[in-house]
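Chemist: Quick one: the structure is below, questions incoming.
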Amino acid sequence: MAGPMISRGNGSGGRRGRGYRPMAEINVTPFVDVMLVLLIVFMVTAPLLTVGVPLDLPQTDAQSISDPEEPLVVSVQRDGRLYVQETEVAIDNLVPRLIAVTDANPEATIFVRGDRELVYGRVMEVLGRVSAAGFTRVSLVAEQPAAAQ
């Protein structure tokens with residue numbers, strides 16, 4: 001009959017050479033932590049990104065907008081005359097001129113400059129026509145205030 005089995009070795013029960021076994025589970029805790037932080041950051045910043053056209057009002061201490069492209073400048077003089085760059089344009093010809101100059105690129109940067117004494121409605125009329133034409137990067141231009149002496 002069979003006799004008792006005698007185990008020889010280090011007492012590991014026949015598991016020689018098996019020391020460390022890597023854990024086959026994924027630790028998702030750091031991933032969840034990062035996702036929660038990103039969720040909070042996006043929840044805080046999303047309402048700030050819904051602001052419309054960036055505006056620089058006359059005599060402001062706001063920083064200048066730096067753009068690597070040369071912007072297209074639309075100027076409105078005190079008497080209401082309208083210029084694209086240095087060329088005088090009628091209000092009805094403004095949109096076709098902008099489309100021609102920008103090659104119908106709605107991402108073109110357009111700066112609107114208006115005289116300080118100009119009626120606010122005239123500037124809004126120009127902005128409305130430019131926006132209605134599909135241009136999305138429209139800004140008002142202002143001067144930095146003179147330093148107090």
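Note on naming: chains are A, B, ... as they come in the structure tokens, residues start from 1 per chain, ligands start from 1 in the order shown.
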Can you list, as a PyMOL selection string, every protein, DNA or RNA residue that comes within 12 Å of segment 71-76 of chain A when you count only C-alpha atoms, leaving out same-chain residues fewer than 4 positions away?

Modeler: chain A and resi 65-67+80-91+94-95+97-102+105+107-127+129-130+135+137-142

Chemist: Between atom CA of Ser131 of chain A and atom CA of Asp92 of chain A, what distance in Å does the model show, to one decimal?

Modeler: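 Answer for the atom CA of Ser131 of chain A to atom CA of Asp92 of chain A separation: 14.3 Å.
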